[in-house]
>>> print(open('entry_15.pdb').read())   # PDB, C-alpha atoms, pLDDT in the B column
ATOM      1  CA  MET A   1    -101.425  61.214 -26.780  1.00 39.00           C
ATOM      2  CA  LYS A   2    -103.221  63.052 -23.988  1.00 38.00           C
ATOM      3  CA  LEU A   3    -100.337  65.536 -23.813  1.00 37.00           C
ATOM      4  CA  PHE A   4    -100.618  66.106 -27.599  1.00 34.00           C
ATOM      5  CA  PHE A   5    -104.317  66.958 -27.371  1.00 34.00           C
ATOM      6  CA  THR A   6    -103.664  69.198 -24.370  1.00 34.00           C
ATOM      7  CA  SER A   7    -101.000  71.093 -26.361  1.00 39.00           C
ATOM      8  CA  LEU A   8    -103.393  71.483 -29.288  1.00 36.00           C
ATOM      9  CA  ALA A   9    -106.051  72.842 -26.952  1.00 37.00           C
ATOM     10  CA  ALA A  10    -103.613  75.353 -25.449  1.00 39.00           C
ATOM     11  CA  LEU A  11    -102.491  76.420 -28.928  1.00 36.00           C
ATOM     12  CA  GLY A  12    -106.093  76.840 -30.011  1.00 40.00           C
ATOM     13  CA  LEU A  13    -106.812  78.991 -26.951  1.00 37.00           C
ATOM     14  CA  ALA A  14    -103.776  81.202 -27.640  1.00 40.00           C
ATOM     15  CA  ILE A  15    -104.768  81.679 -31.278  1.00 40.00           C
ATOM     16  CA  GLY A  16    -108.342  82.447 -30.216  1.00 42.00           C
ATOM     17  CA  THR A  17    -107.130  85.044 -27.725  1.00 42.00           C
ATOM     18  CA  LEU A  18    -104.986  86.788 -30.337  1.00 43.00           C
ATOM     19  CA  SER A  19    -107.768  86.686 -32.927  1.00 46.00           C
ATOM     20  CA  ALA A  20    -110.210  88.147 -30.398  1.00 45.00           C
ATOM     21  CA  GLN A  21    -108.059  91.261 -30.318  1.00 81.00           C
ATOM     22  CA  VAL A  22    -108.894  91.909 -33.971  1.00 95.00           C
ATOM     23  CA  THR A  23    -112.340  92.219 -35.569  1.00 96.00           C
ATOM     24  CA  GLU A  24    -113.601  92.836 -39.092  1.00 97.00           C
ATOM     25  CA  GLU A  25    -116.658  94.642 -40.352  1.00 97.00           C
ATOM     26  CA  SER A  26    -117.837  96.666 -43.316  1.00 97.00           C
ATOM     27  CA  ARG A  27    -116.773 100.314 -42.956  1.00 96.00           C
ATOM     28  CA  VAL A  28    -117.137 103.356 -45.200  1.00 96.00           C
ATOM     29  CA  MET A  29    -113.799 104.690 -46.475  1.00 96.00           C
ATOM     30  CA  ALA A  30    -112.430 106.727 -49.361  1.00 94.00           C
ATOM     31  CA  ASN A  31    -113.236 103.976 -51.885  1.00 95.00           C
ATOM     32  CA  GLY A  32    -116.727 103.184 -50.611  1.00 95.00           C
ATOM     33  CA  ASN A  33    -118.059 100.622 -48.161  1.00 97.00           C
ATOM     34  CA  GLN A  34    -115.318  97.995 -47.783  1.00 98.00           C
ATOM     35  CA  ASN A  35    -114.289  95.267 -45.370  1.00 98.00           C
ATOM     36  CA  ALA A  36    -112.165  96.711 -42.576  1.00 98.00           C
ATOM     37  CA  ILE A  37    -109.883  94.950 -40.109  1.00 98.00           C
ATOM     38  CA  ILE A  38    -109.922  96.653 -36.710  1.00 98.00           C
ATOM     39  CA  ILE A  39    -107.752  96.432 -33.615  1.00 98.00           C
ATOM     40  CA  SER A  40    -108.368  98.062 -30.227  1.00 96.00           C
ATOM     41  CA  LEU A  41    -105.546 100.033 -28.624  1.00 97.00           C
ATOM     42  CA  PRO A  42    -106.116 100.437 -24.853  1.00 94.00           C
ATOM     43  CA  ASP A  43    -104.646 103.581 -23.207  1.00 91.00           C
ATOM     44  CA  ALA A  44    -103.563 105.053 -26.566  1.00 95.00           C
ATOM     45  CA  SER A  45    -105.154 108.254 -27.841  1.00 94.00           C
ATOM     46  CA  SER A  46    -106.146 108.505 -31.487  1.00 95.00           C
ATOM     47  CA  SER A  47    -103.393 111.034 -32.210  1.00 94.00           C
ATOM     48  CA  PHE A  48    -100.783 108.871 -30.467  1.00 96.00           C
ATOM     49  CA  ALA A  49    -101.924 105.792 -32.415  1.00 97.00           C
ATOM     50  CA  GLU A  50    -101.787 107.685 -35.725  1.00 97.00           C
ATOM     51  CA  LYS A  51     -98.255 108.957 -35.068  1.00 96.00           C
ATOM     52  CA  THR A  52     -97.145 105.438 -34.116  1.00 97.00           C
ATOM     53  CA  TRP A  53     -98.784 103.995 -37.250  1.00 98.00           C
ATOM     54  CA  LYS A  54     -96.893 106.409 -39.490  1.00 97.00           C
ATOM     55  CA  ASP A  55     -93.605 105.346 -37.910  1.00 97.00           C
ATOM     56  CA  PHE A  56     -94.549 101.657 -37.853  1.00 98.00           C
ATOM     57  CA  ILE A  57     -95.611 101.456 -41.522  1.00 97.00           C
ATOM     58  CA  LYS A  58     -92.476 103.284 -42.760  1.00 96.00           C
ATOM     59  CA  LYS A  59     -90.740  99.951 -43.277  1.00 95.00           C
ATOM     60  CA  TYR A  60     -93.188  99.300 -46.120  1.00 95.00           C
ATOM     61  CA  GLY A  61     -93.681 102.817 -47.447  1.00 94.00           C
ATOM     62  CA  LYS A  62     -94.539 106.381 -46.516  1.00 95.00           C
ATOM     63  CA  ALA A  63     -98.104 106.921 -45.320  1.00 96.00           C
ATOM     64  CA  LYS A  64     -99.837 109.729 -47.198  1.00 96.00           C
ATOM     65  CA  LYS A  65    -103.052 111.543 -46.391  1.00 96.00           C
ATOM     66  CA  VAL A  66    -105.943 110.487 -48.610  1.00 96.00           C
ATOM     67  CA  ARG A  67    -107.480 113.526 -50.300  1.00 92.00           C
ATOM     68  CA  LYS A  68    -110.736 114.704 -48.713  1.00 89.00           C
ATOM     69  CA  SER A  69    -110.482 111.972 -46.084  1.00 92.00           C
ATOM     70  CA  ASN A  70    -109.102 111.372 -42.601  1.00 93.00           C
ATOM     71  CA  GLU A  71    -107.382 108.202 -43.798  1.00 97.00           C
ATOM     72  CA  LEU A  72    -103.761 107.431 -44.509  1.00 98.00           C
ATOM     73  CA  VAL A  73    -102.639 105.219 -47.364  1.00 98.00           C
ATOM     74  CA  VAL A  74     -99.449 103.362 -48.198  1.00 97.00           C
ATOM     75  CA  GLU A  75     -99.601 102.510 -51.896  1.00 96.00           C
ATOM     76  CA  ASP A  76     -98.018  99.727 -53.952  1.00 95.00           C
ATOM     77  CA  VAL A  77     -96.150  98.050 -51.106  1.00 96.00           C
ATOM     78  CA  GLN A  78     -95.101  94.454 -50.718  1.00 95.00           C
ATOM     79  CA  VAL A  79     -96.124  92.734 -47.481  1.00 96.00           C
ATOM     80  CA  LEU A  80     -95.215  89.095 -47.929  1.00 95.00           C
ATOM     81  CA  ASP A  81     -97.548  87.780 -45.220  1.00 95.00           C
ATOM     82  CA  ILE A  82    -100.521  89.527 -46.850  1.00 96.00           C
ATOM     83  CA  GLY A  83    -100.074  89.642 -50.604  1.00 93.00           C
ATOM     84  CA  GLY A  84     -96.976  87.579 -51.190  1.00 94.00           C
ATOM     85  CA  THR A  85     -95.180  89.135 -54.146  1.00 92.00           C
ATOM     86  CA  GLN A  86     -98.258  91.142 -55.149  1.00 94.00           C
ATOM     87  CA  LEU A  87     -98.339  94.852 -54.340  1.00 96.00           C
ATOM     88  CA  VAL A  88    -101.084  96.073 -52.035  1.00 97.00           C
ATOM     89  CA  ASP A  89    -102.505  99.386 -50.865  1.00 97.00           C
ATOM     90  CA  ILE A  90    -103.026  99.737 -47.123  1.00 98.00           C
ATOM     91  CA  TYR A  91    -105.540 102.311 -45.904  1.00 98.00           C
ATOM     92  CA  ALA A  92    -105.879 103.155 -42.223  1.00 98.00           C
ATOM     93  CA  ARG A  93    -107.383 105.639 -39.826  1.00 97.00           C
ATOM     94  CA  THR A  94    -107.553 105.923 -36.062  1.00 97.00           C
ATOM     95  CA  GLU A  95    -110.698 106.480 -34.040  1.00 95.00           C
ATOM     96  CA  GLU A  96    -111.278 107.487 -30.444  1.00 92.00           C
ATOM     97  CA  SER A  97    -112.859 104.767 -28.327  1.00 83.00           C
ATOM     98  CA  GLY A  98    -113.499 106.060 -24.813  1.00 82.00           C
ATOM     99  CA  SER A  99    -110.136 106.456 -23.100  1.00 81.00           C
ATOM    100  CA  ALA A 100    -108.572 104.272 -25.801  1.00 90.00           C
ATOM    101  CA  SER A 101    -108.579 104.188 -29.600  1.00 96.00           C
ATOM    102  CA  LYS A 102    -108.856 101.840 -32.553  1.00 96.00           C
ATOM    103  CA  LEU A 103    -106.973 101.427 -35.782  1.00 98.00           C
ATOM    104  CA  VAL A 104    -109.231 100.678 -38.732  1.00 98.00           C
ATOM    105  CA  MET A 105    -107.338  99.165 -41.671  1.00 98.00           C
ATOM    106  CA  TRP A 106    -108.349  98.227 -45.194  1.00 98.00           C
ATOM    107  CA  VAL A 107    -106.082  96.201 -47.470  1.00 98.00           C
ATOM    108  CA  ASP A 108    -106.675  96.579 -51.222  1.00 97.00           C
ATOM    109  CA  LEU A 109    -105.466  93.388 -52.880  1.00 95.00           C
ATOM    110  CA  ASN A 110    -105.847  93.718 -56.660  1.00 88.00           C
ATOM    111  CA  GLY A 111    -109.104  95.638 -56.298  1.00 91.00           C
ATOM    112  CA  GLU A 112    -110.492  93.329 -53.620  1.00 95.00           C
ATOM    113  CA  TYR A 113    -110.440  94.217 -49.944  1.00 98.00           C
ATOM    114  CA  VAL A 114    -109.011  91.514 -47.730  1.00 98.00           C
ATOM    115  CA  ASN A 115    -111.536  89.613 -45.611  1.00 97.00           C
ATOM    116  CA  SER A 116    -111.389  86.365 -43.663  1.00 97.00           C
ATOM    117  CA  ASP A 117    -113.797  84.469 -45.966  1.00 96.00           C
ATOM    118  CA  ASP A 118    -112.294  85.176 -49.370  1.00 95.00           C
ATOM    119  CA  HIS A 119    -108.647  85.714 -48.384  1.00 96.00           C
ATOM    120  CA  PRO A 120    -107.926  83.682 -45.227  1.00 97.00           C
ATOM    121  CA  ASP A 121    -104.146  83.704 -45.627  1.00 96.00           C
ATOM    122  CA  ALA A 122    -103.995  87.409 -46.426  1.00 97.00           C
ATOM    123  CA  TYR A 123    -106.391  88.103 -43.566  1.00 98.00           C
ATOM    124  CA  ASN A 124    -104.177  86.192 -41.116  1.00 97.00           C
ATOM    125  CA  GLY A 125    -101.211  88.209 -42.388  1.00 97.00           C
ATOM    126  CA  ALA A 126    -103.156  91.436 -41.839  1.00 98.00           C
ATOM    127  CA  VAL A 127    -104.090  90.327 -38.313  1.00 98.00           C
ATOM    128  CA  ALA A 128    -100.416  89.588 -37.580  1.00 97.00           C
ATOM    129  CA  LEU A 129     -99.474  93.031 -38.925  1.00 97.00           C
ATOM    130  CA  LEU A 130    -102.012  94.711 -36.636  1.00 98.00           C
ATOM    131  CA  GLN A 131    -100.850  92.686 -33.649  1.00 97.00           C
ATOM    132  CA  ASP A 132     -97.272  93.761 -34.358  1.00 97.00           C
ATOM    133  CA  PHE A 133     -98.534  97.339 -34.548  1.00 98.00           C
ATOM    134  CA  LYS A 134    -100.382  97.003 -31.245  1.00 97.00           C
ATOM    135  CA  HIS A 135     -97.212  95.659 -29.654  1.00 97.00           C
ATOM    136  CA  GLN A 136     -95.318  98.703 -30.972  1.00 97.00           C
ATOM    137  CA  VAL A 137     -98.002 101.011 -29.526  1.00 97.00           C
ATOM    138  CA  GLN A 138     -97.608  99.325 -26.146  1.00 97.00           C
ATOM    139  CA  VAL A 139     -93.809  99.618 -26.326  1.00 97.00           C
ATOM    140  CA  ASP A 140     -94.084 103.323 -27.234  1.00 97.00           C
ATOM    141  CA  LEU A 141     -96.601 103.957 -24.441  1.00 96.00           C
ATOM    142  CA  ILE A 142     -94.336 102.312 -21.871  1.00 97.00           C
ATOM    143  CA  THR A 143     -91.333 104.199 -23.288  1.00 97.00           C
ATOM    144  CA  LEU A 144     -93.257 107.464 -22.924  1.00 95.00           C
ATOM    145  CA  GLU A 145     -94.279 106.514 -19.384  1.00 96.00           C
ATOM    146  CA  LEU A 146     -90.660 105.677 -18.573  1.00 97.00           C
ATOM    147  CA  GLU A 147     -89.567 109.098 -19.872  1.00 97.00           C
ATOM    148  CA  GLU A 148     -92.226 110.843 -17.765  1.00 96.00           C
ATOM    149  CA  GLN A 149     -91.402 108.845 -14.642  1.00 97.00           C
ATOM    150  CA  THR A 150     -87.675 109.417 -15.203  1.00 98.00           C
ATOM    151  CA  LYS A 151     -88.323 113.172 -15.445  1.00 97.00           C
ATOM    152  CA  ALA A 152     -90.299 112.962 -12.189  1.00 97.00           C
ATOM    153  CA  LEU A 153     -87.394 111.066 -10.591  1.00 97.00           C
ATOM    154  CA  ASP A 154     -84.882 113.627 -11.901  1.00 97.00           C
ATOM    155  CA  LYS A 155     -87.030 116.418 -10.432  1.00 97.00           C
ATOM    156  CA  LEU A 156     -87.168 114.686  -7.046  1.00 97.00           C
ATOM    157  CA  GLU A 157     -83.415 114.041  -7.096  1.00 97.00           C
ATOM    158  CA  SER A 158     -82.845 117.711  -7.967  1.00 97.00           C
ATOM    159  CA  GLU A 159     -85.059 118.731  -5.045  1.00 96.00           C
ATOM    160  CA  MET A 160     -83.149 116.348  -2.767  1.00 97.00           C
ATOM    161  CA  SER A 161     -79.838 117.831  -3.940  1.00 97.00           C
ATOM    162  CA  LYS A 162     -81.132 121.323  -3.126  1.00 96.00           C
ATOM    163  CA  LEU A 163     -82.374 120.164   0.290  1.00 97.00           C
ATOM    164  CA  ARG A 164     -78.970 118.646   1.059  1.00 96.00           C
ATOM    165  CA  LYS A 165     -77.210 121.856   0.030  1.00 96.00           C
ATOM    166  CA  ASP A 166     -79.624 123.848   2.220  1.00 96.00           C
ATOM    167  CA  ASN A 167     -78.930 121.450   5.097  1.00 97.00           C
ATOM    168  CA  ASP A 168     -75.180 121.946   4.668  1.00 96.00           C
ATOM    169  CA  ARG A 169     -75.730 125.719   4.575  1.00 96.00           C
ATOM    170  CA  TYR A 170     -77.831 125.615   7.751  1.00 96.00           C
ATOM    171  CA  HIS A 171     -75.147 123.599   9.525  1.00 96.00           C
ATOM    172  CA  LYS A 172     -72.509 126.109   8.418  1.00 95.00           C
ATOM    173  CA  ILE A 173     -74.656 128.966   9.729  1.00 96.00           C
ATOM    174  CA  ILE A 174     -74.915 127.146  13.062  1.00 96.00           C
ATOM    175  CA  GLU A 175     -71.167 126.439  13.164  1.00 95.00           C
ATOM    176  CA  ASP A 176     -70.388 130.071  12.284  1.00 95.00           C
ATOM    177  CA  ALA A 177     -72.853 131.218  14.947  1.00 95.00           C
ATOM    178  CA  LYS A 178     -71.275 128.869  17.508  1.00 95.00           C
ATOM    179  CA  ALA A 179     -67.849 130.252  16.640  1.00 95.00           C
ATOM    180  CA  LYS A 180     -69.141 133.813  17.036  1.00 94.00           C
ATOM    181  CA  ILE A 181     -70.830 132.905  20.331  1.00 95.00           C
ATOM    182  CA  ALA A 182     -67.597 131.336  21.595  1.00 95.00           C
ATOM    183  CA  GLU A 183     -65.678 134.421  20.482  1.00 94.00           C
ATOM    184  CA  ALA A 184     -68.244 136.692  22.165  1.00 95.00           C
ATOM    185  CA  GLU A 185     -68.086 134.632  25.373  1.00 94.00           C
ATOM    186  CA  ALA A 186     -64.286 134.992  25.368  1.00 94.00           C
ATOM    187  CA  ASP A 187     -64.670 138.724  24.767  1.00 95.00           C
ATOM    188  CA  ILE A 188     -67.148 138.935  27.651  1.00 96.00           C
ATOM    189  CA  ALA A 189     -64.703 137.175  29.981  1.00 94.00           C
ATOM    190  CA  LYS A 190     -61.877 139.484  28.908  1.00 93.00           C
ATOM    191  CA  ASN A 191     -64.178 142.493  29.205  1.00 95.00           C
ATOM    192  CA  LEU A 192     -65.023 141.562  32.807  1.00 94.00           C
ATOM    193  CA  GLN A 193     -61.320 141.225  33.584  1.00 93.00           C
ATOM    194  CA  ASP A 194     -60.640 144.577  31.943  1.00 94.00           C
ATOM    195  CA  GLN A 195     -63.509 146.145  33.921  1.00 93.00           C
ATOM    196  CA  GLU A 196     -62.079 144.811  37.190  1.00 93.00           C
ATOM    197  CA  LEU A 197     -58.602 146.072  36.298  1.00 93.00           C
ATOM    198  CA  THR A 198     -59.927 149.456  35.233  1.00 93.00           C
ATOM    199  CA  SER A 199     -62.047 149.665  38.394  1.00 94.00           C
ATOM    200  CA  ARG A 200     -58.893 149.189  40.476  1.00 93.00           C
ATOM    201  CA  GLU A 201     -57.075 151.790  38.392  1.00 94.00           C
ATOM    202  CA  ILE A 202     -59.990 154.181  38.908  1.00 94.00           C
ATOM    203  CA  GLU A 203     -59.840 153.666  42.665  1.00 92.00           C
ATOM    204  CA  ALA A 204     -56.101 154.203  42.632  1.00 93.00           C
ATOM    205  CA  GLN A 205     -56.457 157.270  40.465  1.00 93.00           C
ATOM    206  CA  MET A 206     -59.170 158.654  42.754  1.00 93.00           C
ATOM    207  CA  GLU A 207     -56.705 158.378  45.643  1.00 91.00           C
ATOM    208  CA  VAL A 208     -54.076 160.202  43.573  1.00 94.00           C
ATOM    209  CA  VAL A 209     -56.591 162.936  42.717  1.00 93.00           C
ATOM    210  CA  SER A 210     -57.607 163.192  46.378  1.00 93.00           C
ATOM    211  CA  GLY A 211     -53.953 163.511  47.456  1.00 91.00           C
ATOM    212  CA  VAL A 212     -53.251 166.213  44.896  1.00 91.00           C
ATOM    213  CA  ARG A 213     -56.409 168.090  45.962  1.00 91.00           C
ATOM    214  CA  LYS A 214     -55.272 167.933  49.597  1.00 90.00           C
ATOM    215  CA  ARG A 215     -51.840 169.265  48.654  1.00 89.00           C
ATOM    216  CA  LEU A 216     -53.478 172.091  46.720  1.00 88.00           C
ATOM    217  CA  ASP A 217     -55.707 172.973  49.670  1.00 86.00           C
ATOM    218  CA  ALA A 218     -52.726 172.910  51.989  1.00 88.00           C
ATOM    219  CA  LYS A 219     -50.677 175.115  49.727  1.00 84.00           C
ATOM    220  CA  ARG A 220     -53.454 177.678  49.469  1.00 87.00           C
ATOM    221  CA  ALA A 221     -53.872 177.717  53.229  1.00 88.00           C
ATOM    222  CA  GLU A 222     -50.218 178.700  53.836  1.00 86.00           C
ATOM    223  CA  ARG A 223     -50.776 182.337  52.860  1.00 77.00           C
ATOM    224  CA  GLY A 224     -54.466 182.557  53.202  1.00 65.00           C
ATOM    225  CA  SER A 225     -54.949 182.358  49.475  1.00 56.00           C
TER     226      SER A 225
END
>>> encode(input="entry_15.pdb", output="structure tokens")
Amino acid sequence: MKLFFTSLAALGLAIGTLSAQVTEESRVMANGNQNAIIISLPDASSSFAEKTWKDFIKKYGKAKKVRKSNELVVEDVQVLDIGGTQLVDIYARTEESGSASKLVMWVDLNGEYVNSDDHPDAYNGAVALLQDFKHQVQVDLITLELEEQTKALDKLESEMSKLRKDNDRYHKIIEDAKAKIAEAEADIAKNLQDQELTSREIEAQMEVVSGVRKRLDAKRAERGS
């Protein structure tokens, strides 16, 4: 029995937490001052929330702009958890709220706007709808964040790929330079050998030239020429 009461208490706390995410108050809209059901959307801008709402509500009907208003309306739609088989009109607009936003929703049920006192079941259905919407907003925000972080990762990986290619190029430059240095060192060694050989040839040739000059001097001296 104690476990049963504990479970009921936990369930009551969970329901209270979910309900605390949604409030209701009288708000001016296209059809006058009517009861609105409002949900806060942390981290979502008003424009982001509105775009998400349009996509979210498509399963019931296309959201149209209300003339001379900043509200959207989905007319004559069936939402079983709110109106059962009756058709309802759902009005909504988003509002900035600091760094977050809110979705303000009105549900026209046969000329009456859903509120927790007069339409408890419909109100609970509307709350569930808004909580589903908030969940979709959170999914879309995380999806967007994932896309942004994936782009950042792709950029870093691209930079890393370029750095690796540069590293390979630098190593090739070094290897080519080493090969040229080795070739130049071999050329220097051969050049020194060639210089030594040529130096000997020069010395030998100088002796030849000296001998020929002596012969020429001797020949000229024979006749006093």
>>> residues_around(input="entry_15.pdb", residues="stretch 108-110 of chain A", least_positions_apart="6", cutoff="7 Å", atoms="all atoms listed in the file", output="list of chain:residue names")
A:Gly83, A:Val88, A:Asp89, A:Ile90
>>> residues_around(input="entry_15.pdb", residues="A:Gly61", least_positions_apart="3", cutoff="7 Å", atoms="all atoms listed in the file", output="ChimeraX atom specification")
/A:57-58,74,77
>>> atom_distance(input="entry_15.pdb", atom1="atom CA of A:Arg27", atom2="atom CA of A:Val139")
28.4 Å
>>> axis_aligned_box(input="entry_15.pdb", around="stretch 162-178 of chain A", padding_each_side="4 Å", output="JSON")
{"center_x": -76.4, "center_y": 124.9, "center_z": 7.2, "size_x": 20.0, "size_y": 20.6, "size_z": 28.6}
>>> residues_around(input="entry_15.pdb", residues="stretch 141-157 of chain A", least_positions_apart="5", cutoff="12 Å", atoms="all atoms listed in the file", output="list of chain:residue names")
A:Leu41, A:Pro42, A:Asp43, A:Ala44, A:Ser45, A:Phe48, A:Ala49, A:Lys51, A:Thr52, A:Lys134, A:His135, A:Gln136, A:Lys162, A:Leu163, A:Arg164
>>> write_last_selection(input="entry_15.pdb", atoms="C-alpha atoms", output="mmCIF file, in the coordinates of the input")
data_model
loop_
_atom_site.group_PDB
_atom_site.id
_atom_site.type_symbol
_atom_site.label_atom_id
_atom_site.label_comp_id
_atom_site.auth_asym_id
_atom_site.auth_seq_id
_atom_site.Cartn_x
_atom_site.Cartn_y
_atom_site.Cartn_z
ATOM 1 C CA LEU A 41 -105.546 100.033 -28.624
ATOM 2 C CA PRO A 42 -106.116 100.437 -24.853
ATOM 3 C CA ASP A 43 -104.646 103.581 -23.207
ATOM 4 C CA ALA A 44 -103.563 105.053 -26.566
ATOM 5 C CA SER A 45 -105.154 108.254 -27.841
ATOM 6 C CA PHE A 48 -100.783 108.871 -30.467
ATOM 7 C CA ALA A 49 -101.924 105.792 -32.415
ATOM 8 C CA LYS A 51 -98.255 108.957 -35.068
ATOM 9 C CA THR A 52 -97.145 105.438 -34.116
ATOM 10 C CA LYS A 134 -100.382 97.003 -31.245
ATOM 11 C CA HIS A 135 -97.212 95.659 -29.654
ATOM 12 C CA GLN A 136 -95.318 98.703 -30.972
ATOM 13 C CA LYS A 162 -81.132 121.323 -3.126
ATOM 14 C CA LEU A 163 -82.374 120.164 0.290
ATOM 15 C CA ARG A 164 -78.970 118.646 1.059
#
>>> residues_around(input="entry_15.pdb", residues="A:Asn35", least_positions_apart="2", cutoff="7 Å", atoms="all atoms listed in the file", output="CSV table (one decimal) with C-alpha atoms, in the coordinates of the input")
chain,number,residue,atom,x,y,z
A,24,GLU,CA,-113.6,92.8,-39.1
A,25,GLU,CA,-116.7,94.6,-40.4
A,26,SER,CA,-117.8,96.7,-43.3
A,27,ARG,CA,-116.8,100.3,-43.0
A,37,ILE,CA,-109.9,95.0,-40.1
A,106,TRP,CA,-108.3,98.2,-45.2
A,113,TYR,CA,-110.4,94.2,-49.9
A,114,VAL,CA,-109.0,91.5,-47.7
A,115,ASN,CA,-111.5,89.6,-45.6
>>> resolve_selection(input="entry_15.pdb", expression="the PyMOL selection byres ((chain A and resi 102-105) around 6)", output="PyMOL selection string")
chain A and resi 36-41+91-95+101+106
>>> atom_distance(input="entry_15.pdb", atom1="atom CA of A:Pro120", atom2="atom CA of A:Leu72")
24.1 Å
>>> atom_distance(input="entry_15.pdb", atom1="atom CA of A:Lys68", atom2="atom CA of A:Gly111")
20.6 Å
>>> residues_near_point(input="entry_15.pdb", point="(-101.2, 89.7, -45.4)", cutoff="6 Å", atoms="all atoms listed in the file", output="ChimeraX atom specification")
/A:81-83,122-123,125-126
>>> build_atoms(input="entry_15.pdb", residues="stretch 28-47 of chain A", atoms="N, CA and C atoms", output="tab-separated table (two decimals), keeping the file's coordinate frame")
chain	number	residue	atom	x	y	z
A	28	VAL	N	-117.25	102.39	-44.11
A	28	VAL	CA	-117.14	103.36	-45.20
A	28	VAL	C	-115.75	103.99	-45.17
A	29	MET	N	-115.11	104.05	-46.35
A	29	MET	CA	-113.80	104.69	-46.48
A	29	MET	C	-113.75	105.42	-47.81
A	30	ALA	N	-112.58	105.89	-48.17
A	30	ALA	CA	-112.43	106.73	-49.36
A	30	ALA	C	-112.94	106.04	-50.63
A	31	ASN	N	-112.82	104.72	-50.70
A	31	ASN	CA	-113.24	103.98	-51.88
A	31	ASN	C	-114.56	103.23	-51.68
A	32	GLY	N	-115.41	103.79	-50.81
A	32	GLY	CA	-116.73	103.18	-50.61
A	32	GLY	C	-116.82	102.35	-49.35
A	33	ASN	N	-117.82	101.48	-49.31
A	33	ASN	CA	-118.06	100.62	-48.16
A	33	ASN	C	-117.28	99.32	-48.35
A	34	GLN	N	-116.21	99.14	-47.57
A	34	GLN	CA	-115.32	98.00	-47.78
A	34	GLN	C	-115.05	97.28	-46.46
A	35	ASN	N	-114.59	96.04	-46.57
A	35	ASN	CA	-114.29	95.27	-45.37
A	35	ASN	C	-113.06	95.84	-44.65
A	36	ALA	N	-113.25	96.14	-43.38
A	36	ALA	CA	-112.16	96.71	-42.58
A	36	ALA	C	-111.72	95.71	-41.53
A	37	ILE	N	-110.45	95.79	-41.17
A	37	ILE	CA	-109.88	94.95	-40.11
A	37	ILE	C	-109.49	95.91	-38.99
A	38	ILE	N	-110.00	95.67	-37.79
A	38	ILE	CA	-109.92	96.65	-36.71
A	38	ILE	C	-109.25	96.05	-35.48
A	39	ILE	N	-108.39	96.86	-34.86
A	39	ILE	CA	-107.75	96.43	-33.62
A	39	ILE	C	-107.92	97.52	-32.57
A	40	SER	N	-108.23	97.12	-31.34
A	40	SER	CA	-108.37	98.06	-30.23
A	40	SER	C	-107.00	98.35	-29.62
A	41	LEU	N	-106.83	99.60	-29.18
A	41	LEU	CA	-105.55	100.03	-28.62
A	41	LEU	C	-105.79	100.68	-27.26
A	42	PRO	N	-105.86	99.89	-26.20
A	42	PRO	CA	-106.12	100.44	-24.85
A	42	PRO	C	-105.05	101.46	-24.45
A	43	ASP	N	-105.52	102.55	-23.79
A	43	ASP	CA	-104.65	103.58	-23.21
A	43	ASP	C	-103.97	104.47	-24.24
A	44	ALA	N	-104.20	104.23	-25.53
A	44	ALA	CA	-103.56	105.05	-26.57
A	44	ALA	C	-104.60	106.00	-27.15
A	45	SER	N	-104.26	107.29	-27.21
A	45	SER	CA	-105.15	108.25	-27.84
A	45	SER	C	-105.11	108.07	-29.35
A	46	SER	N	-106.10	108.63	-30.02
A	46	SER	CA	-106.15	108.50	-31.49
A	46	SER	C	-104.93	109.15	-32.13
A	47	SER	N	-104.55	110.33	-31.63
A	47	SER	CA	-103.39	111.03	-32.21
A	47	SER	C	-102.10	110.26	-31.97
